[in-house]
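Have a look at protein.tsv; it's TSV, C-alpha atoms:
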```
chain	number	residue	atom	x	y	z
A	1	MET	CA	8.74	16.43	-9.60
A	2	ARG	CA	7.22	15.76	-13.02
A	3	LEU	CA	5.42	19.13	-13.02
A	4	ARG	CA	8.67	20.94	-12.27
A	5	HIS	CA	10.36	19.02	-15.09
A	6	GLU	CA	7.65	20.09	-17.53
A	7	ASN	CA	7.80	23.73	-16.43
A	8	THR	CA	11.60	23.86	-16.69
A	9	LEU	CA	11.64	22.25	-20.13
A	10	ALA	CA	8.93	24.67	-21.25
A	11	GLU	CA	11.05	27.62	-20.09
A	12	ILE	CA	14.07	26.30	-22.03
A	13	GLY	CA	11.88	25.77	-25.08
A	14	ASN	CA	10.62	29.35	-24.91
A	15	ASN	CA	14.17	30.67	-24.65
A	16	HIS	CA	15.19	28.56	-27.64
A	17	HIS	CA	12.43	30.01	-29.84
A	18	SER	CA	13.39	33.50	-28.79
A	19	GLY	CA	17.02	32.81	-29.70
A	20	LYS	CA	18.25	33.19	-26.10
A	21	ILE	CA	19.82	30.06	-24.58
A	22	SER	CA	22.16	30.81	-21.70
A	23	ILE	CA	24.79	28.55	-20.15
A	24	LYS	CA	22.55	28.42	-17.07
A	25	SER	CA	19.62	27.18	-19.17
A	26	MET	CA	21.76	24.48	-20.75
A	27	TRP	CA	22.98	23.28	-17.34
A	28	THR	CA	19.38	23.27	-16.10
A	29	PHE	CA	18.29	21.25	-19.15
A	30	THR	CA	21.10	18.73	-18.60
A	31	PHE	CA	20.20	18.34	-14.91
A	32	VAL	CA	16.47	17.93	-15.54
A	33	LEU	CA	17.01	15.46	-18.38
A	34	GLY	CA	19.34	13.44	-16.16
A	35	ALA	CA	16.77	13.47	-13.34
A	36	ILE	CA	14.03	12.26	-15.70
A	37	ILE	CA	16.20	9.42	-17.03
A	38	THR	CA	17.22	8.40	-13.49
A	39	ASP	CA	13.59	8.46	-12.35
A	40	VAL	CA	12.46	6.26	-15.26
A	41	TYR	CA	15.27	3.72	-15.11
A	42	SER	CA	15.30	3.32	-11.33
A	43	GLN	CA	11.95	1.54	-11.62
A	44	LYS	CA	11.84	-2.15	-12.45
A	45	ARG	CA	8.88	-4.02	-13.84
A	46	ILE	CA	7.34	-6.58	-11.52
A	47	PRO	CA	7.64	-9.88	-13.40
A	48	ASP	CA	4.60	-12.02	-14.10
A	49	PHE	CA	4.19	-14.76	-11.49
A	50	ASP	CA	1.78	-17.52	-10.51
A	51	THR	CA	1.30	-17.31	-6.73
A	52	THR	CA	4.17	-15.58	-4.92
A	53	GLN	CA	6.85	-13.06	-5.83
A	54	LEU	CA	9.69	-11.61	-3.73
A	55	LEU	CA	10.89	-8.07	-4.48
A	56	THR	CA	14.30	-7.01	-3.15
A	57	VAL	CA	16.14	-3.70	-3.38
A	58	GLU	CA	19.56	-2.49	-2.24
A	59	LYS	CA	20.53	-2.40	1.42
A	60	GLY	CA	19.62	0.85	3.13
A	61	LYS	CA	16.45	1.25	1.06
A	62	TYR	CA	12.81	0.24	1.27
A	63	VAL	CA	10.57	-1.07	-1.51
A	64	GLU	CA	7.98	1.13	-3.19
A	65	ILE	CA	5.56	-0.49	-5.63
A	66	GLU	CA	2.97	0.93	-8.01
A	67	PHE	CA	0.39	-1.20	-9.78
A	68	GLU	CA	-3.15	-1.64	-11.02
A	69	LEU	CA	-5.11	-4.77	-10.15
A	70	TRP	CA	-7.46	-6.09	-12.83
A	71	MET	CA	-9.76	-9.05	-13.38
A	72	ASP	CA	-11.57	-9.88	-16.61
A	73	PRO	CA	-15.12	-8.48	-16.18
A	74	ASN	CA	-16.49	-11.49	-18.08
A	75	LEU	CA	-15.34	-13.93	-15.41
A	76	PRO	CA	-18.10	-15.11	-13.05
A	77	GLY	CA	-18.27	-14.49	-9.31
A	78	ALA	CA	-17.56	-11.65	-6.91
A	79	PRO	CA	-13.78	-11.41	-6.26
A	80	CYS	CA	-13.83	-10.17	-2.65
A	81	ALA	CA	-16.72	-12.41	-1.55
A	82	ASP	CA	-15.08	-15.37	-3.29
A	83	GLU	CA	-11.84	-14.74	-1.37
A	84	GLU	CA	-9.80	-13.83	-4.42
A	85	TYR	CA	-7.17	-11.28	-3.45
A	86	LEU	CA	-3.60	-10.04	-3.56
A	87	GLU	CA	-1.69	-9.93	-0.27
A	88	ILE	CA	1.41	-7.79	0.19
A	89	LEU	CA	3.79	-8.68	3.02
A	90	ASP	CA	6.50	-6.66	4.73
A	91	GLY	CA	9.49	-8.93	4.19
A	92	SER	CA	10.72	-12.11	2.53
A	93	ASP	CA	8.99	-14.51	4.93
A	94	GLN	CA	5.48	-15.66	4.02
A	95	SER	CA	4.50	-15.06	7.67
A	96	ALA	CA	5.74	-11.45	7.57
A	97	ASN	CA	3.58	-8.52	8.66
A	98	LEU	CA	0.65	-7.74	6.38
A	99	LEU	CA	0.91	-4.43	4.49
A	100	GLY	CA	-2.33	-4.77	2.56
A	101	VAL	CA	-4.96	-7.03	1.02
A	102	PHE	CA	-6.50	-5.98	-2.31
A	103	CYS	CA	-9.51	-7.32	-4.21
A	104	GLY	CA	-12.13	-6.11	-6.68
A	105	ARG	CA	-12.64	-6.07	-10.44
A	106	TYR	CA	-10.33	-3.10	-10.98
A	107	LEU	CA	-8.13	-1.15	-8.58
A	108	PRO	CA	-6.15	1.70	-10.21
A	109	ASP	CA	-3.09	3.59	-9.00
A	110	VAL	CA	-2.12	1.56	-5.93
A	111	THR	CA	1.12	2.60	-4.19
A	112	LEU	CA	2.54	0.73	-1.21
A	113	ARG	CA	5.83	0.72	0.68
A	114	SER	CA	7.72	-1.73	2.88
A	115	SER	CA	9.76	-1.03	6.01
A	116	GLY	CA	12.93	-2.65	4.64
A	117	ARG	CA	14.55	-4.01	1.50
A	118	ASN	CA	12.17	-6.95	0.98
A	119	MET	CA	8.50	-7.17	0.03
A	120	SER	CA	6.46	-10.26	-0.88
A	121	LEU	CA	3.40	-10.46	-3.12
A	122	ARG	CA	1.01	-13.40	-2.79
A	123	PHE	CA	-2.09	-14.17	-4.82
A	124	SER	CA	-4.96	-16.30	-3.54
A	125	PRO	CA	-4.93	-19.86	-4.94
A	126	HIS	CA	-7.35	-19.20	-7.83
A	127	ARG	CA	-5.06	-16.49	-9.31
A	128	ARG	CA	-7.47	-14.85	-11.75
A	129	TYR	CA	-6.03	-11.36	-11.27
A	130	GLN	CA	-3.61	-9.50	-13.50
A	131	LEU	CA	-1.13	-6.82	-12.42
A	132	LEU	CA	-1.03	-3.89	-14.84
A	133	SER	CA	1.55	-1.08	-14.96
A	134	ALA	CA	3.34	-2.86	-12.11
A	135	TYR	CA	6.72	-1.44	-11.08
A	136	PHE	CA	8.95	-1.34	-8.01
A	137	GLU	CA	12.03	0.57	-6.91
A	138	GLY	CA	14.22	1.19	-3.89
A	139	LYS	CA	13.74	4.38	-1.88
A	140	GLY	CA	16.30	5.73	0.57
A	141	LEU	CA	15.44	5.30	4.25
A	142	ASN	CA	16.57	8.91	4.71
A	143	VAL	CA	13.90	10.11	2.24
A	144	PRO	CA	10.65	9.41	4.14
A	145	VAL	CA	7.09	9.78	2.85
A	146	ALA	CA	4.53	11.35	5.21
A	147	THR	CA	2.38	8.86	7.10
A	148	ASP	CA	-1.40	9.17	7.01
A	149	LEU	CA	-4.49	7.33	8.22
A	150	ARG	CA	-6.96	8.76	5.72
A	151	ASN	CA	-8.03	5.35	4.46
A	152	VAL	CA	-8.83	3.90	7.89
A	153	ILE	CA	-12.52	2.97	8.20
A	154	LYS	CA	-13.89	4.34	11.46
A	155	THR	CA	-16.69	1.77	11.84
A	156	GLN	CA	-15.86	-1.87	11.19
A	157	PHE	CA	-17.94	-5.06	11.31
A	158	VAL	CA	-16.97	-8.07	13.40
A	159	LEU	CA	-18.61	-11.39	14.31
A	160	LEU	CA	-19.61	-12.25	17.87
A	161	ASN	CA	-17.50	-15.08	19.34
A	162	HIS	CA	-15.64	-15.61	16.07
A	163	SER	CA	-12.22	-14.61	14.82
A	164	SER	CA	-12.48	-11.25	13.06
A	165	SER	CA	-10.09	-8.68	11.66
A	166	LEU	CA	-9.75	-4.94	12.23
A	167	TRP	CA	-7.94	-2.94	9.58
A	168	CYS	CA	-5.74	0.14	9.83
A	169	ALA	CA	-4.68	1.06	6.29
A	170	ALA	CA	-1.79	3.33	7.29
A	171	ARG	CA	0.34	4.62	4.43
A	172	GLY	CA	3.83	6.08	4.54
A	173	GLY	CA	7.41	5.40	3.65
A	174	PRO	CA	9.07	3.44	5.06
A	175	ALA	CA	6.00	1.44	6.15
A	176	PRO	CA	5.04	2.84	9.58
A	177	ARG	CA	4.75	0.81	12.76
A	178	ILE	CA	1.11	0.62	13.79
A	179	VAL	CA	0.23	0.57	17.49
A	180	TRP	CA	-3.13	-1.11	18.15
A	181	ARG	CA	-4.87	-0.35	21.45
A	182	ARG	CA	-7.90	-1.79	23.24
A	183	ASN	CA	-9.31	0.52	25.92
A	184	GLY	CA	-5.99	2.36	25.83
A	185	LEU	CA	-3.78	-0.71	26.36
A	186	VAL	CA	-1.31	-1.77	23.66
A	187	LEU	CA	-2.26	-5.03	21.92
A	188	GLN	CA	0.10	-5.02	18.95
A	189	ASN	CA	3.01	-2.94	17.69
A	190	SER	CA	4.19	-3.84	14.19
A	191	THR	CA	3.85	-2.85	10.54
A	192	SER	CA	0.79	-5.10	10.14
A	193	VAL	CA	-2.38	-3.31	9.02
A	194	ARG	CA	-4.51	-6.13	10.51
A	195	LEU	CA	-5.44	-6.89	14.11
A	196	GLN	CA	-7.17	-10.22	14.69
A	197	ILE	CA	-9.66	-10.25	17.55
A	198	ASN	CA	-12.43	-12.40	19.02
A	199	VAL	CA	-15.24	-10.29	20.48
A	200	THR	CA	-17.34	-11.77	23.29
A	201	GLU	CA	-20.70	-10.51	24.55
A	202	GLU	CA	-18.96	-8.60	27.35
A	203	GLU	CA	-16.67	-6.84	24.86
A	204	ARG	CA	-19.34	-5.34	22.60
A	205	ASN	CA	-18.54	-1.80	23.77
A	206	THR	CA	-14.75	-2.16	23.73
A	207	ASN	CA	-12.82	0.81	22.33
A	208	TYR	CA	-10.15	0.09	19.71
A	209	SER	CA	-7.71	2.46	18.04
A	210	CYS	CA	-4.65	2.43	15.83
A	211	GLU	CA	-1.91	5.02	15.87
A	212	VAL	CA	1.28	5.82	13.97
A	213	ASP	CA	4.27	8.10	14.45
A	214	ASP	CA	4.42	10.41	11.44
A	215	HIS	CA	8.10	11.27	11.82
A	216	GLY	CA	7.58	12.85	15.24
A	217	GLN	CA	3.85	13.61	15.08
A	218	LEU	CA	1.41	11.12	16.63
A	219	LYS	CA	-1.67	10.30	14.54
A	220	ARG	CA	-4.54	8.17	15.84
A	221	LYS	CA	-7.85	6.80	14.56
A	222	ASN	CA	-10.54	5.42	16.86
A	223	ILE	CA	-12.42	2.42	15.48
A	224	GLY	CA	-16.00	1.64	16.44
A	225	LEU	CA	-17.37	-1.91	16.24
A	226	VAL	CA	-20.60	-3.20	14.78
A	227	VAL	CA	-20.95	-6.67	16.30
A	228	GLU	CA	-23.02	-9.18	14.37
A	229	SER	CA	-24.05	-12.74	15.20
A	230	LEU	CA	-23.97	-15.68	12.83
A	231	ILE	CA	-27.44	-17.04	12.14
A	232	PHE	CA	-27.68	-20.69	11.21
A	233	THR	CA	-30.69	-22.02	9.35
A	234	ILE	CA	-31.77	-25.64	9.03
A	235	ALA	CA	-33.02	-26.56	5.58
```

Translate the structure of the given file into structure tokens.
Amino acid sequence: MRLRHENTLAEIGNNHHSGKISIKSMWTFTFVLGAIITDVYSQKRIPDFDTTQLLTVEKGKYVEIEFELWMDPNLPGAPCADEEYLEILDGSDQSANLLGVFCGRYLPDVTLRSSGRNMSLRFSPHRRYQLLSAYFEGKGLNVPVATDLRNVIKTQFVLLNHSSSLWCAARGGPAPRIVWRRNGLVLQNSTSVRLQINVTEEERNTNYSCEVDDHGQLKRKNIGLVVESLIFTIA
């Protein structure tokens, strides 16, 4: 959209310098300028917050957010290992489906979408992160964004006989429903990108997958497990 705006404005500019500005060009300029203004002002800045923040848009729309996640590089520790993160939930309830968990010193250009008009953001208790260039807006449910599974990790690590999580980072708009399967049988069908499991010795070779409906086209990713055991040492 922005590229088309730039091209159109460039064409009008060229016509102006050549002394040829038609009524059609003027109407095009007016339309493009209006589209740019609408695009800019439809976005709202995500306010600064301590732990949780609810984002709500008009009925009949879903939430789309864009942000960068940043932590001061001079602060000690390792954010992900120290369980410092930003959770994004699909709804107003703090027990809503999980759309994503983000951690690291710096994450640029993150875009995420909900399935409905509410989205919740929740920082871990330490709250040492900052949101930069953070905006949200409402997108029409009748204007979908293609769903993809490009960010799904095909091999994931789990702990033997302990609660573990599998992740299916599906992206799309509205947020797609993710069908989790174990050996072909449905385990979970929701917008949550996380499936919590407990792998026993007999389940080491279990086959897991996640799949989404990309507006009529089925997409699936198989997920292989690397099962590790906790090793306790006595000092």

Polymer residues at most 8 Å from segment 47-55 of chain A, all atoms listed in the file, same-chain spacing of 2 or more positions, as a PyMOL selection string | chain A and resi 45+57+63+92+118-125+127+131+136

Could you jot down the atom CA of Cys103 of chain A to atom CA of Ile197 of chain A separation for me, Å, one decimal place?
-> 22.0 Å

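Proximity of A:Pro144, A:Leu89, A:Ser133, A:Gly138 to Arg194 of chain A, computed with only C-alpha atoms, is greatest for A:Leu89.
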
Best match for closeness to Gly91 of chain A among A:Thr191, A:His162, A:Leu149, A:Ser42, counting only C-alpha atoms = A:Thr191

Could you state the separation of atom CA of Arg128 of chain A and atom CA of Met71 of chain A in Å, given to one decimal place?
->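 Computed distance, atom CA of Arg128 of chain A to atom CA of Met71 of chain A, equals 6.4 Å.
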
Go through A:Thr206, A:Thr155, A:Gln196, A:Asn189 one by one, measure the shortest atom-to-atom distance of each to Val226 of chain A using all atoms listed in the file, and give the residue with the smallest value.
->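 Closest residue, counting all atoms listed in the file: A:Thr155.
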
Would you mind telling me which residue in A:Arg113, A:Arg171, A:Lys219, A:Arg182 lies nearest to Glu66 of chain A when using all atoms listed in the file?
->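 Ranking A:Arg113, A:Arg171, A:Lys219, A:Arg182 by distance to Glu66 of chain A, first place goes to A:Arg113.
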
What does the distance between atom CA of Lys44 of chain A and atom CA of Lys139 of chain A come to in Å, to one decimal place?
-> 12.6 Å

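Nearest to Asn74 of chain A of all the residues A:Arg105, A:Ser165, A:Ala96, A:Arg181 is A:Arg105, based on all atoms listed in the file.
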
Select, from A:Leu195, A:Ala175, A:Ile46, A:Cys210, the residue with the minimum atom-to-atom distance to Ala134 of chain A, counting only C-alpha atoms.
->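 Looking only at the distances to Ala134 of chain A, the closest residue turns out to be A:Ile46.
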
Compute the distance from (-12.9, 0.6, 19.8) to each atom, counting all atoms listed in the file, keep the residues with any atom at most 8 Å away, and return them as an NGL selection string; use the coordinates of the file.
-> :A and (182-183 or 205-209 or 222-225)
